[in-house]
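Participant: Below is structure21.cif; it holds mmCIF, C-alpha atoms.
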```
data_entry
loop_
_atom_site.label_atom_id
_atom_site.label_comp_id
_atom_site.auth_asym_id
_atom_site.auth_seq_id
_atom_site.Cartn_x
_atom_site.Cartn_y
_atom_site.Cartn_z
CA MET F 28 -6.50 -47.14 78.47
CA THR F 29 -9.46 -45.61 80.26
CA GLU F 30 -12.39 -47.64 81.55
CA ARG F 31 -14.67 -46.04 78.96
CA GLU F 32 -12.38 -46.99 76.07
CA SER F 33 -12.08 -50.52 77.42
CA SER F 34 -15.86 -50.82 77.55
CA ARG F 35 -16.16 -49.64 73.94
CA ILE F 36 -13.60 -52.17 72.74
CA THR F 37 -15.43 -54.95 74.59
CA SER F 38 -18.74 -53.91 73.01
CA LEU F 39 -17.18 -53.81 69.52
CA ALA F 40 -15.64 -57.24 70.06
CA GLU F 41 -19.00 -58.67 71.10
CA ALA F 42 -20.69 -57.11 68.05
CA ALA F 43 -17.97 -58.46 65.74
CA SER F 44 -18.36 -61.95 67.18
CA ARG F 45 -22.01 -61.92 66.12
CA LEU F 46 -21.23 -61.09 62.50
CA GLU F 47 -21.47 -63.94 60.03
CA THR F 48 -18.36 -64.38 57.87
CA VAL F 49 -20.06 -66.77 55.42
CA GLU F 50 -23.45 -66.31 53.73
CA LEU F 51 -25.19 -69.65 53.36
CA PHE F 52 -27.82 -70.31 50.73
CA GLY F 53 -29.64 -73.20 49.13
CA ARG F 54 -31.53 -73.31 45.85
CA VAL F 55 -35.17 -73.80 44.96
CA SER F 56 -35.58 -77.31 43.58
CA GLY F 57 -39.35 -77.47 43.29
CA VAL F 58 -42.70 -75.91 44.13
CA LYS F 59 -45.71 -77.99 45.19
CA GLY F 60 -48.75 -75.84 45.88
CA LEU F 61 -47.90 -73.76 48.95
CA LEU F 62 -44.64 -75.65 49.56
CA ILE F 63 -41.22 -74.70 48.23
CA GLU F 64 -38.51 -77.35 48.22
CA ILE F 65 -35.01 -76.11 49.02
CA ALA F 66 -31.87 -78.10 48.25
CA GLY F 67 -28.58 -77.20 49.87
CA PRO F 68 -27.19 -77.01 53.40
CA ILE F 69 -30.32 -78.32 55.15
CA GLU F 70 -28.30 -78.82 58.34
CA ALA F 71 -28.41 -75.01 58.58
CA MET F 72 -32.20 -74.89 58.01
CA PRO F 73 -33.95 -75.95 61.25
CA ILE F 74 -37.73 -76.13 61.61
CA GLY F 75 -38.92 -72.57 62.23
CA GLY F 76 -35.77 -71.12 60.65
CA ARG F 77 -35.97 -68.21 58.23
CA LEU F 78 -34.97 -67.98 54.58
CA ASP F 79 -34.94 -65.17 52.03
CA LEU F 80 -36.08 -66.31 48.60
CA GLU F 81 -34.41 -64.35 45.79
CA MET F 82 -36.77 -63.55 42.93
CA ASP F 83 -35.82 -63.07 39.27
CA ASP F 84 -35.81 -59.28 39.71
CA GLY F 85 -33.41 -59.46 42.68
CA SER F 86 -36.06 -58.78 45.36
CA ARG F 87 -36.31 -61.10 48.35
CA VAL F 88 -39.37 -62.70 49.94
CA PRO F 89 -39.07 -64.07 53.50
CA ALA F 90 -40.02 -67.68 54.10
CA GLU F 91 -40.06 -70.12 56.99
CA VAL F 92 -38.85 -73.72 57.13
CA ILE F 93 -41.83 -75.83 58.15
CA GLY F 94 -40.60 -79.33 57.36
CA ILE F 95 -37.77 -81.57 56.12
CA GLU F 96 -38.22 -84.35 53.59
CA GLY F 97 -35.22 -86.45 52.60
CA ASP F 98 -32.44 -84.10 51.57
CA HIS F 99 -34.77 -81.14 51.01
CA ALA F 100 -36.09 -78.46 53.35
CA LEU F 101 -39.76 -77.52 52.92
CA ALA F 102 -40.57 -73.82 53.22
CA MET F 103 -43.60 -71.55 52.93
CA PRO F 104 -43.38 -67.87 51.92
CA PHE F 105 -44.67 -64.85 53.81
CA GLY F 106 -45.57 -63.11 50.55
CA GLY F 107 -46.28 -63.68 46.89
CA VAL F 108 -43.77 -65.75 44.92
CA GLU F 109 -44.44 -64.56 41.37
CA GLY F 110 -41.06 -64.64 39.64
CA LEU F 111 -39.74 -67.57 41.66
CA ARG F 112 -38.16 -70.31 39.54
CA ARG F 113 -36.14 -73.44 39.97
CA GLY F 114 -32.57 -72.59 40.87
CA CYS F 115 -33.36 -69.32 42.67
CA ARG F 116 -31.23 -68.83 45.76
CA ALA F 117 -32.69 -69.21 49.26
CA PHE F 118 -30.49 -67.35 51.74
CA VAL F 119 -30.32 -68.73 55.28
CA ARG F 120 -30.89 -66.21 58.02
CA PRO F 121 -28.40 -66.86 60.82
CA ARG F 122 -30.65 -65.76 63.65
CA ALA F 123 -33.79 -67.23 65.18
CA SER F 124 -36.91 -65.34 64.12
CA GLY F 125 -38.08 -62.53 66.37
CA VAL F 126 -38.40 -58.76 66.81
CA MET F 127 -37.02 -56.00 69.02
CA PRO F 128 -40.07 -54.04 70.26
CA ASP F 129 -39.85 -50.60 71.82
CA GLU F 130 -42.09 -48.24 73.81
CA SER F 131 -42.33 -46.04 70.70
CA TRP F 132 -44.37 -48.76 69.00
CA LEU F 133 -47.44 -47.52 70.89
CA GLY F 134 -49.79 -45.86 68.45
CA ARG F 135 -48.41 -47.84 65.50
CA VAL F 136 -49.81 -50.46 63.13
CA VAL F 137 -47.52 -53.30 62.02
CA ASN F 138 -47.76 -56.46 59.93
CA GLY F 139 -47.00 -59.99 61.08
CA LEU F 140 -43.26 -59.50 60.70
CA GLY F 141 -43.19 -56.34 62.81
CA GLU F 142 -42.88 -53.98 59.84
CA PRO F 143 -44.84 -50.69 59.87
CA VAL F 144 -47.87 -50.49 57.57
CA ASP F 145 -49.35 -47.19 58.78
CA GLY F 146 -47.21 -44.84 56.68
CA LYS F 147 -45.71 -43.16 59.76
CA GLY F 148 -42.11 -44.06 58.99
CA PRO F 149 -39.78 -46.77 60.28
CA LEU F 150 -40.06 -48.24 63.76
CA ARG F 151 -37.37 -47.69 66.34
CA GLN F 152 -35.82 -50.98 67.42
CA GLY F 153 -35.51 -51.74 71.12
CA GLY F 154 -32.61 -53.32 72.93
CA VAL F 155 -34.19 -56.71 73.72
CA TYR F 156 -34.63 -59.46 71.14
CA MET F 157 -37.99 -61.22 71.59
CA PRO F 158 -38.64 -64.52 69.77
CA PHE F 159 -41.91 -64.93 67.89
CA ARG F 160 -42.59 -68.34 69.39
CA ALA F 161 -41.73 -68.12 73.07
CA ASP F 162 -42.65 -70.68 75.68
CA PRO F 163 -45.21 -69.58 78.29
CA PRO F 164 -43.94 -69.10 81.87
CA GLY F 165 -43.74 -72.30 83.90
CA ALA F 166 -46.87 -73.23 85.80
CA HIS F 167 -45.04 -73.13 89.16
CA SER F 168 -43.16 -69.89 88.48
CA ARG F 169 -45.95 -67.59 87.31
CA ARG F 170 -48.09 -65.71 89.79
CA ARG F 171 -51.81 -66.14 90.31
CA VAL F 172 -54.25 -63.73 88.68
CA GLY F 173 -54.48 -60.30 90.26
CA GLY F 174 -57.40 -58.17 91.40
CA PRO F 175 -60.45 -57.21 89.34
CA LEU F 176 -59.78 -55.27 86.13
CA GLN F 177 -62.20 -52.48 85.29
CA LEU F 178 -63.22 -52.88 81.63
CA GLY F 179 -65.70 -50.01 81.33
CA VAL F 180 -68.39 -52.33 79.88
CA ARG F 181 -71.25 -52.79 82.37
CA VAL F 182 -72.24 -56.34 81.49
CA LEU F 183 -68.63 -57.55 81.79
CA ASP F 184 -67.77 -55.60 84.94
CA THR F 185 -70.81 -56.87 86.85
CA PHE F 186 -71.86 -60.31 85.59
CA LEU F 187 -68.49 -61.45 84.17
CA THR F 188 -65.90 -59.66 86.28
CA SER F 189 -62.37 -60.38 85.02
CA CYS F 190 -59.06 -60.23 86.88
CA LEU F 191 -55.65 -59.00 85.84
CA GLY F 192 -53.99 -61.86 83.98
CA GLN F 193 -57.22 -63.69 83.19
CA ARG F 194 -57.87 -65.08 79.71
CA MET F 195 -61.39 -64.84 78.28
CA GLY F 196 -62.88 -66.05 75.01
CA ILE F 197 -65.51 -64.09 73.09
CA PHE F 198 -67.61 -66.56 71.10
CA ALA F 199 -69.83 -65.22 68.33
CA GLY F 200 -70.86 -65.63 64.72
CA SER F 201 -69.97 -63.11 62.04
CA GLY F 202 -71.51 -59.64 62.25
CA VAL F 203 -72.63 -59.86 65.89
CA GLY F 204 -70.36 -57.09 67.22
CA LYS F 205 -67.09 -58.72 68.31
CA SER F 206 -64.86 -56.01 66.84
CA VAL F 207 -66.92 -53.21 68.40
CA LEU F 208 -66.72 -54.90 71.81
CA LEU F 209 -62.92 -55.16 71.45
CA SER F 210 -62.70 -51.48 70.60
CA MET F 211 -64.71 -50.61 73.74
CA LEU F 212 -62.26 -52.64 75.83
CA ALA F 213 -59.25 -51.00 74.16
CA ARG F 214 -60.57 -47.50 74.94
CA ASN F 215 -62.08 -48.05 78.38
CA ALA F 216 -60.18 -50.83 80.19
CA ALA F 217 -58.00 -49.72 83.11
CA SER F 218 -54.84 -51.27 81.63
CA ASP F 219 -51.53 -49.62 80.80
CA VAL F 220 -51.17 -50.92 77.24
CA ALA F 221 -53.39 -52.65 74.67
CA VAL F 222 -52.03 -54.99 72.01
CA ILE F 223 -54.58 -55.84 69.30
CA GLY F 224 -54.12 -58.59 66.73
CA LEU F 225 -56.42 -58.47 63.67
CA ILE F 226 -55.88 -61.95 62.21
CA GLY F 227 -57.39 -62.68 58.81
CA GLU F 228 -59.44 -59.47 58.97
CA ARG F 229 -61.22 -58.07 55.93
CA GLY F 230 -58.94 -55.46 54.34
CA ARG F 231 -61.80 -52.98 54.05
CA GLU F 232 -62.54 -53.13 57.77
CA VAL F 233 -59.02 -52.51 59.10
CA GLN F 234 -59.10 -48.73 58.65
CA GLU F 235 -62.70 -48.59 59.85
CA PHE F 236 -61.74 -50.40 63.05
CA ILE F 237 -58.67 -48.20 63.67
CA GLN F 238 -60.26 -44.86 62.83
CA ASP F 239 -63.92 -45.27 63.82
CA ASP F 240 -64.01 -47.97 66.50
CA LEU F 241 -60.61 -47.61 68.14
CA GLY F 242 -60.15 -43.87 67.54
CA GLU F 243 -57.14 -41.71 68.35
CA GLU F 244 -57.56 -42.17 72.11
CA GLY F 245 -57.54 -45.96 71.87
CA LEU F 246 -54.74 -46.12 69.29
CA ALA F 247 -52.45 -43.87 71.37
CA ARG F 248 -51.97 -46.59 73.97
CA SER F 249 -52.18 -49.56 71.60
CA VAL F 250 -50.09 -51.54 69.17
CA VAL F 251 -52.13 -53.03 66.32
CA VAL F 252 -50.91 -56.09 64.42
CA VAL F 253 -52.67 -56.68 61.09
CA ALA F 254 -52.73 -59.64 58.71
CA THR F 255 -55.63 -59.43 56.25
CA SER F 256 -57.48 -62.41 54.81
CA ASP F 257 -55.72 -62.14 51.43
CA GLU F 258 -52.26 -62.65 52.94
CA PRO F 259 -50.58 -66.09 52.99
CA ALA F 260 -51.44 -68.50 55.79
CA LEU F 261 -47.95 -68.19 57.23
CA MET F 262 -48.34 -64.41 57.60
CA ARG F 263 -51.71 -64.80 59.32
CA ARG F 264 -50.27 -67.30 61.78
CA GLN F 265 -47.23 -65.09 62.27
CA ALA F 266 -49.40 -62.09 63.18
CA ALA F 267 -50.91 -64.08 66.05
CA TYR F 268 -47.45 -64.98 67.36
CA LEU F 269 -46.28 -61.36 67.08
CA THR F 270 -49.34 -60.12 69.01
CA LEU F 271 -48.35 -62.25 72.01
CA THR F 272 -44.66 -61.35 71.59
CA ILE F 273 -45.35 -57.62 71.85
CA ALA F 274 -47.66 -58.23 74.82
CA GLU F 275 -44.86 -60.19 76.53
CA TYR F 276 -42.45 -57.31 75.94
CA PHE F 277 -44.66 -54.87 77.85
CA ARG F 278 -45.53 -57.47 80.50
CA ASP F 279 -41.84 -58.00 81.21
CA ARG F 280 -41.63 -54.26 81.87
CA GLU F 281 -44.14 -54.66 84.70
CA ARG F 282 -47.08 -53.27 82.72
CA ALA F 283 -50.71 -54.35 82.86
CA VAL F 284 -51.31 -55.40 79.25
CA LEU F 285 -54.68 -55.96 77.61
CA CYS F 286 -54.10 -58.40 74.73
CA MET F 287 -56.94 -58.84 72.24
CA MET F 288 -57.03 -61.07 69.19
CA ASP F 289 -59.66 -61.22 66.48
CA SER F 290 -59.79 -64.08 65.82
CA VAL F 291 -58.34 -67.33 67.12
CA THR F 292 -60.44 -69.21 64.57
CA ARG F 293 -58.58 -67.61 61.67
CA PHE F 294 -55.29 -68.51 63.35
CA ALA F 295 -56.53 -72.12 63.48
CA MET F 296 -57.56 -71.96 59.82
CA ALA F 297 -54.12 -70.67 58.85
CA GLN F 298 -52.47 -73.48 60.82
CA ARG F 299 -54.78 -75.96 59.11
CA GLU F 300 -53.65 -74.72 55.67
CA ILE F 301 -50.01 -75.08 56.71
CA GLY F 302 -50.57 -78.54 58.18
CA LEU F 303 -52.42 -79.83 55.11
CA ALA F 304 -49.64 -78.49 52.86
CA THR F 305 -47.05 -80.48 54.79
CA GLY F 306 -49.08 -83.68 54.49
CA GLU F 307 -50.76 -83.83 57.92
CA PRO F 308 -53.94 -85.90 57.99
CA PRO F 309 -57.17 -83.92 58.36
CA THR F 310 -59.15 -84.81 61.46
CA THR F 311 -62.26 -83.15 62.95
CA LYS F 312 -63.84 -80.87 60.31
CA GLY F 313 -60.58 -80.94 58.37
CA TYR F 314 -58.46 -79.46 61.16
CA THR F 315 -55.03 -81.06 61.46
CA PRO F 316 -53.50 -82.31 64.74
CA THR F 317 -51.06 -79.38 64.97
CA VAL F 318 -54.00 -76.97 65.21
CA PHE F 319 -54.93 -78.41 68.59
CA SER F 320 -51.31 -78.51 69.78
CA GLU F 321 -50.60 -74.91 68.70
CA LEU F 322 -53.72 -73.42 70.30
CA PRO F 323 -52.62 -73.97 73.93
CA ARG F 324 -49.05 -72.94 73.09
CA LEU F 325 -50.40 -69.63 71.82
CA LEU F 326 -53.08 -68.94 74.44
CA GLU F 327 -51.03 -70.03 77.47
CA ARG F 328 -48.57 -67.20 76.73
CA ALA F 329 -51.17 -64.78 78.09
CA GLY F 330 -51.67 -64.49 81.83
CA PRO F 331 -49.62 -63.32 84.81
CA GLY F 332 -45.86 -63.21 84.49
CA LYS F 333 -43.15 -63.93 87.01
CA GLY F 334 -43.07 -60.28 88.12
CA SER F 335 -45.88 -57.77 88.60
CA GLY F 336 -46.65 -57.50 84.89
CA THR F 337 -49.75 -59.23 83.50
CA ILE F 338 -51.33 -60.04 80.14
CA THR F 339 -55.12 -60.05 80.33
CA GLY F 340 -56.34 -61.76 77.19
CA PHE F 341 -59.59 -61.46 75.23
CA PHE F 342 -59.62 -63.82 72.27
CA THR F 343 -62.53 -63.91 69.86
CA VAL F 344 -63.72 -67.20 68.38
CA LEU F 345 -65.71 -67.04 65.14
CA VAL F 346 -68.17 -69.90 65.59
CA ASP F 347 -69.04 -71.60 62.30
CA GLY F 348 -72.75 -71.32 61.59
CA ASP F 349 -73.35 -70.09 65.15
CA ASP F 350 -72.37 -73.58 66.36
CA HIS F 351 -70.72 -72.99 69.73
CA ASN F 352 -69.62 -76.63 69.96
CA GLU F 353 -67.55 -76.74 66.77
CA PRO F 354 -63.97 -78.08 67.26
CA VAL F 355 -62.00 -74.83 67.62
CA ALA F 356 -64.58 -73.25 69.94
CA ASP F 357 -64.67 -76.40 72.07
CA ALA F 358 -60.86 -76.56 72.30
CA VAL F 359 -60.47 -72.86 73.16
CA ARG F 360 -63.22 -72.96 75.78
CA GLY F 361 -61.29 -75.68 77.60
CA ILE F 362 -58.06 -73.65 77.60
CA LEU F 363 -59.28 -70.21 78.68
CA ASP F 364 -60.52 -68.91 82.04
CA GLY F 365 -64.02 -68.07 80.92
CA HIS F 366 -66.16 -67.40 77.89
CA VAL F 367 -68.39 -64.56 76.72
CA VAL F 368 -71.18 -65.75 74.42
CA MET F 369 -72.60 -63.24 71.92
CA GLU F 370 -75.84 -64.21 70.20
CA ARG F 371 -77.31 -63.16 66.88
CA GLY F 372 -80.85 -63.13 68.30
CA ILE F 373 -79.90 -60.49 70.87
CA ALA F 374 -78.17 -58.41 68.19
CA GLU F 375 -81.23 -58.65 65.96
CA ARG F 376 -83.25 -57.23 68.85
CA GLY F 377 -80.96 -54.19 68.75
CA ARG F 378 -79.24 -54.71 72.11
CA TYR F 379 -75.47 -54.27 72.01
CA PRO F 380 -73.16 -55.68 73.25
CA ALA F 381 -75.17 -58.77 72.28
CA ILE F 382 -73.95 -60.84 75.24
CA ASN F 383 -76.01 -63.69 76.64
CA VAL F 384 -75.31 -63.38 80.36
CA LEU F 385 -76.77 -66.79 81.22
CA LYS F 386 -74.51 -68.69 78.79
CA SER F 387 -71.37 -66.73 79.68
CA VAL F 388 -68.97 -67.61 82.50
CA SER F 389 -66.00 -65.98 84.24
CA ARG F 390 -64.14 -68.70 86.11
CA THR F 391 -62.79 -66.22 88.66
CA MET F 392 -66.31 -65.44 89.89
CA PRO F 393 -67.41 -65.00 92.65
CA ALA F 394 -63.93 -64.22 94.05
CA SER F 395 -63.43 -61.40 91.52
CA CYS F 396 -66.79 -59.78 92.33
CA ASP F 397 -67.13 -57.09 94.99
CA PRO F 398 -68.47 -59.02 98.03
CA GLU F 399 -70.81 -56.16 98.83
CA PHE F 400 -72.63 -56.61 95.51
CA TRP F 401 -72.37 -60.37 94.96
CA PRO F 402 -75.91 -61.02 96.31
CA VAL F 403 -77.21 -58.34 93.91
CA VAL F 404 -75.48 -60.00 90.95
CA GLN F 405 -76.88 -63.40 91.93
CA LYS F 406 -80.39 -61.98 92.25
CA ALA F 407 -80.15 -60.23 88.87
CA ARG F 408 -78.89 -63.39 87.16
CA ALA F 409 -81.74 -65.38 88.74
CA ALA F 410 -84.29 -62.84 87.44
CA LEU F 411 -82.84 -63.09 83.91
CA SER F 412 -82.94 -66.89 84.14
CA THR F 413 -86.56 -66.92 85.31
CA TYR F 414 -87.60 -64.59 82.50
CA GLY F 415 -85.67 -66.68 79.96
CA ASP F 416 -87.46 -69.85 81.06
CA MET F 417 -90.89 -68.25 80.64
CA GLU F 418 -90.11 -65.92 77.72
CA GLU F 419 -92.04 -67.85 75.06
CA LEU F 420 -95.16 -68.11 77.23
CA ILE F 421 -94.95 -64.41 78.12
CA ARG F 422 -94.66 -63.32 74.50
CA LEU F 423 -97.51 -65.58 73.42
CA GLY F 424 -99.68 -64.18 76.21
CA ALA F 425 -100.08 -67.64 77.73
CA TYR F 426 -98.77 -66.60 81.12
CA LYS F 427 -101.31 -65.14 83.53
CA VAL F 428 -99.96 -62.42 85.81
CA GLY F 429 -100.20 -63.42 89.45
CA SER F 430 -99.61 -67.12 88.84
CA ASN F 431 -96.04 -66.99 90.17
CA ALA F 432 -94.48 -64.20 92.26
CA GLU F 433 -90.93 -64.87 90.95
CA VAL F 434 -92.07 -64.69 87.33
CA ASP F 435 -94.05 -61.53 88.03
CA GLU F 436 -90.95 -59.89 89.53
CA ALA F 437 -88.80 -61.05 86.59
CA ILE F 438 -91.29 -59.52 84.13
CA LYS F 439 -91.05 -56.16 85.94
CA LEU F 440 -87.25 -56.27 86.17
CA PHE F 441 -86.46 -57.50 82.65
CA PRO F 442 -86.92 -54.16 80.78
CA LEU F 443 -84.71 -52.41 83.36
CA LEU F 444 -82.04 -55.12 83.21
CA ASP F 445 -82.16 -55.17 79.41
CA GLU F 446 -81.57 -51.41 79.35
CA PHE F 447 -78.72 -51.85 81.87
CA LEU F 448 -77.04 -54.40 79.61
CA ARG F 449 -77.36 -52.08 76.58
CA GLN F 450 -74.33 -49.82 76.05
CA SER F 451 -73.20 -47.74 73.08
CA LYS F 452 -69.61 -48.06 71.88
CA LYS F 453 -68.75 -44.50 72.94
CA GLU F 454 -70.14 -44.96 76.47
CA SER F 455 -68.00 -45.94 79.45
CA THR F 456 -69.06 -46.75 83.02
CA SER F 457 -66.82 -47.37 86.00
CA MET F 458 -67.10 -50.69 87.82
CA ARG F 459 -68.37 -49.03 90.99
CA ASP F 460 -71.06 -47.08 89.15
CA SER F 461 -72.12 -50.25 87.32
CA TYR F 462 -72.59 -52.11 90.60
CA LEU F 463 -74.53 -49.21 92.13
CA ARG F 464 -76.77 -48.92 89.08
CA LEU F 465 -77.50 -52.67 89.15
CA ALA F 466 -78.25 -52.53 92.89
CA GLU F 467 -80.67 -49.65 92.30
CA ILE F 468 -82.52 -51.68 89.64
CA MET F 469 -82.80 -54.76 91.86
CA ALA F 470 -84.07 -52.64 94.78
CA SER F 471 -86.83 -51.09 92.68
CA PRO F 472 -90.40 -52.21 93.56
#
```
Before we go any further, please render this structure as structure tokens.
Facilitator:
Amino acid sequence: MTERESSRITSLAEAASRLETVELFGRVSGVKGLLIEIAGPIEAMPIGGRLDLEMDDGSRVPAEVIGIEGDHALAMPFGGVEGLRRGCRAFVRPRASGVMPDESWLGRVVNGLGEPVDGKGPLRQGGVYMPFRADPPGAHSRRRVGGPLQLGVRVLDTFLTSCLGQRMGIFAGSGVGKSVLLSMLARNAASDVAVIGLIGERGREVQEFIQDDLGEEGLARSVVVVATSDEPALMRRQAAYLTLTIAEYFRDRERAVLCMMDSVTRFAMAQREIGLATGEPPTTKGYTPTVFSELPRLLERAGPGKGSGTITGFFTVLVDGDDHNEPVADAVRGILDGHVVMERGIAERGRYPAINVLKSVSRTMPASCDPEFWPVVQKARAALSTYGDMEELIRLGAYKVGSNAEVDEAIKLFPLLDEFLRQSKKESTSMRDSYLRLAEIMASP
């Protein structure tokens, strides 16, 4: 027997050993709201395990085991359950839930289960099985954040410089421009790959984001994961997990990954629905305890890896009623490495991205900033702060020019700085050019 034949036999033996000889299934014994009770071999149905619910017409709907009560497993479906009845079979999947990503997934749009939804045909499966719910790298084994990452957005590159492997939150109310800012990052950031999770997004806006905001250039180096607002809570939560799973796949291949999620708030809302269905007590604003335990488990997966690969994360937080201190925003701000605050008042003035520089923080500053331009950035921030303090008096005409030299200078600089912070979604500026342009403004008389 040749070495090649021996290798084939070994491979076939390993594949045969993974085949299940017995198909296990339980039966639906009851339905309570979002919960489905399954009777049967519950010892084969661990928390997080997968089931296939058989409908009356023979079709199957995937479900996940989310709890155990007495001699019943409690499951929630990933799709509609019209046609489900008592006694329907629930087939136990023998393998832990996960996907097998591949480089060919770039340019594709998938749902929360990793199935294509863009009409471009089936996805090629890779050779590595990646679990949906992986543990983040150990604190002592992962590297520190890398050097500055050029994002192509002037306000971020200068005032809020981010590093490779950093995790930033984008806090804003609805309709302030979060999605447009994400599309600018996807097109312009100097990363190898972008992974974008649209969690609980309006169905109408998905194609608009992909075609108009992201465009062919941005999509070509991106994987987009979509779970619209009409899909079950389990699917919306699953889409968030898959977004990080795909990002981890490329990170483990030593790539610089830009991971963006819109939004973490809708992930928290989905987790709240699941928690309430299983009987968890509602706490702050109705959010259940598992919401605040799942948030760090999800967000900590972004960051530097053990090798040279990194996941730089930008996670949007939809603040309820423009309240930046609501529970989810407060919890996320304490987990991430900085926050970008977008304000409705700035957007109403017509300046986009509507980022309030003074309320935003990058926790890697000033180390991430070019030392040559750090004094310029400090001076510009001080001028914006001085103008902000006196803005009401200036607009009312109550301030008399010449009363304070610092205020006078801030009044002269503000229109130039405001124009510098304004950037259209199709415009891109390198980090070096942004610094030089800011230095030119601050040197003007």
Participant: What does the PyMOL selection byres ((chain F and resi 125) around 8) select in this file, as a list of chain:residue names?
Facilitator: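 So the PyMOL selection byres ((chain F and resi 125) around 8) ends up selecting F:Ala123, F:Ser124, F:Val126, F:Met127, F:Tyr156, F:Met157, F:Pro158, F:Phe159, F:Arg160.
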Participant: Expand the PyMOL selection byres ((chain F and resi 385-395) around 10) into the individual residues it matches in the shown file, reporting them as a PyMOL selection string.
Facilitator: chain F and resi 172-176+183-191+193-198+363-370+382-384+396-398+401+404-405+408-409+411-412+415
Participant: Write out as an mmCIF file with C-alpha atoms, in the frame of the given file which residues come within 8 Å of range 215-225 of chain F when counting all atoms listed in the file, dropping same-chain ones fewer than 2 positions away.
Facilitator:
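Contents of part.cif, as written:
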```
data_model
loop_
_atom_site.group_PDB
_atom_site.id
_atom_site.type_symbol
_atom_site.label_atom_id
_atom_site.label_comp_id
_atom_site.auth_asym_id
_atom_site.auth_seq_id
_atom_site.Cartn_x
_atom_site.Cartn_y
_atom_site.Cartn_z
ATOM 1 C CA LEU F 176 -59.780 -55.270 86.130
ATOM 2 C CA GLN F 177 -62.200 -52.480 85.290
ATOM 3 C CA LEU F 178 -63.220 -52.880 81.630
ATOM 4 C CA GLY F 179 -65.700 -50.010 81.330
ATOM 5 C CA VAL F 180 -68.390 -52.330 79.880
ATOM 6 C CA MET F 211 -64.710 -50.610 73.740
ATOM 7 C CA LEU F 212 -62.260 -52.640 75.830
ATOM 8 C CA ALA F 213 -59.250 -51.000 74.160
ATOM 9 C CA GLY F 227 -57.390 -62.680 58.810
ATOM 10 C CA GLU F 228 -59.440 -59.470 58.970
ATOM 11 C CA VAL F 233 -59.020 -52.510 59.100
ATOM 12 C CA ARG F 248 -51.970 -46.590 73.970
ATOM 13 C CA SER F 249 -52.180 -49.560 71.600
ATOM 14 C CA VAL F 250 -50.090 -51.540 69.170
ATOM 15 C CA VAL F 251 -52.130 -53.030 66.320
ATOM 16 C CA VAL F 252 -50.910 -56.090 64.420
ATOM 17 C CA VAL F 253 -52.670 -56.680 61.090
ATOM 18 C CA ALA F 254 -52.730 -59.640 58.710
ATOM 19 C CA THR F 255 -55.630 -59.430 56.250
ATOM 20 C CA ALA F 266 -49.400 -62.090 63.180
ATOM 21 C CA ALA F 267 -50.910 -64.080 66.050
ATOM 22 C CA THR F 270 -49.340 -60.120 69.010
ATOM 23 C CA ILE F 273 -45.350 -57.620 71.850
ATOM 24 C CA ALA F 274 -47.660 -58.230 74.820
ATOM 25 C CA PHE F 277 -44.660 -54.870 77.850
ATOM 26 C CA ARG F 282 -47.080 -53.270 82.720
ATOM 27 C CA ALA F 283 -50.710 -54.350 82.860
ATOM 28 C CA VAL F 284 -51.310 -55.400 79.250
ATOM 29 C CA LEU F 285 -54.680 -55.960 77.610
ATOM 30 C CA CYS F 286 -54.100 -58.400 74.730
ATOM 31 C CA MET F 287 -56.940 -58.840 72.240
ATOM 32 C CA MET F 288 -57.030 -61.070 69.190
ATOM 33 C CA ASP F 289 -59.660 -61.220 66.480
ATOM 34 C CA SER F 290 -59.790 -64.080 65.820
ATOM 35 C CA SER F 455 -68.000 -45.940 79.450
#
```
Participant: Just give me the gap between CA of Asp349 in chain F and CA of Thr413 in chain F in Å, one decimal is fine.
Facilitator: 24.3 Å
Participant: Evaluated on this file, the PyMOL selection byres ((chain F and resi 302) around 12) picks out some residues - which ones are they, written as a count of residues only?
Facilitator: 32
Participant: Between CA of Glu235 in chain F and CA of Tyr276 in chain F, what is the distance, to one decimal in Å?
Facilitator: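 Result for CA of Glu235 in chain F versus CA of Tyr276 in chain F: 27.3 Å, one decimal.
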Participant: Quick one: residues within 9 Å of (-63.3, -66.7, 67.3) (file frame), counting all atoms listed in the file, please, as a list of chain:residue names.
Facilitator: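 Output of the proximity query reads F:Gly196, F:Ile197, F:Phe198, F:Ala199, F:Gly200, F:Lys205, F:Met288, F:Asp289, F:Ser290, F:Val291, F:Thr292, F:Arg293, F:Phe342, F:Thr343, F:Val344, F:Leu345, F:Val346, F:Val355, F:Ala356, F:Val359.
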Participant: Could you tell me how far CA of Pro143 in chain F sits from CA of Val207 in chain F, in Å to one decimal place?
Facilitator: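 Separating CA of Val207 in chain F from CA of Pro143 in chain F is a distance of 23.8 Å.
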Participant: F:Arg120, F:Lys453, F:Arg112, F:Lys427: which is nearest Ala90 in chain F, counting only C-alpha atoms?
Facilitator: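 Result for the nearest residue to Ala90 in chain F: F:Arg120.
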Participant: Here is a test: counting only C-alpha atoms, which residue of F:Gln450, F:Ser461, F:Ser56, F:Ser256 is nearest to Gly114 in chain F?
Facilitator: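 Answer, going by the shortest atom-to-atom distance: F:Ser56.
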Participant: Tell me which of F:Glu244, F:Asp162, F:Asp357, F:Asp445 sits closest to Arg324 in chain F, counting only C-alpha atoms.
Facilitator: F:Asp162
Participant: For Arg360 in chain F, which residue among F:Leu322, F:Thr339, F:Pro259, F:Asp240 is the nearest when counting all atoms listed in the file?
Facilitator: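 Of F:Leu322, F:Thr339, F:Pro259, F:Asp240, the one nearest Arg360 in chain F, counting all atoms listed in the file, is F:Leu322.
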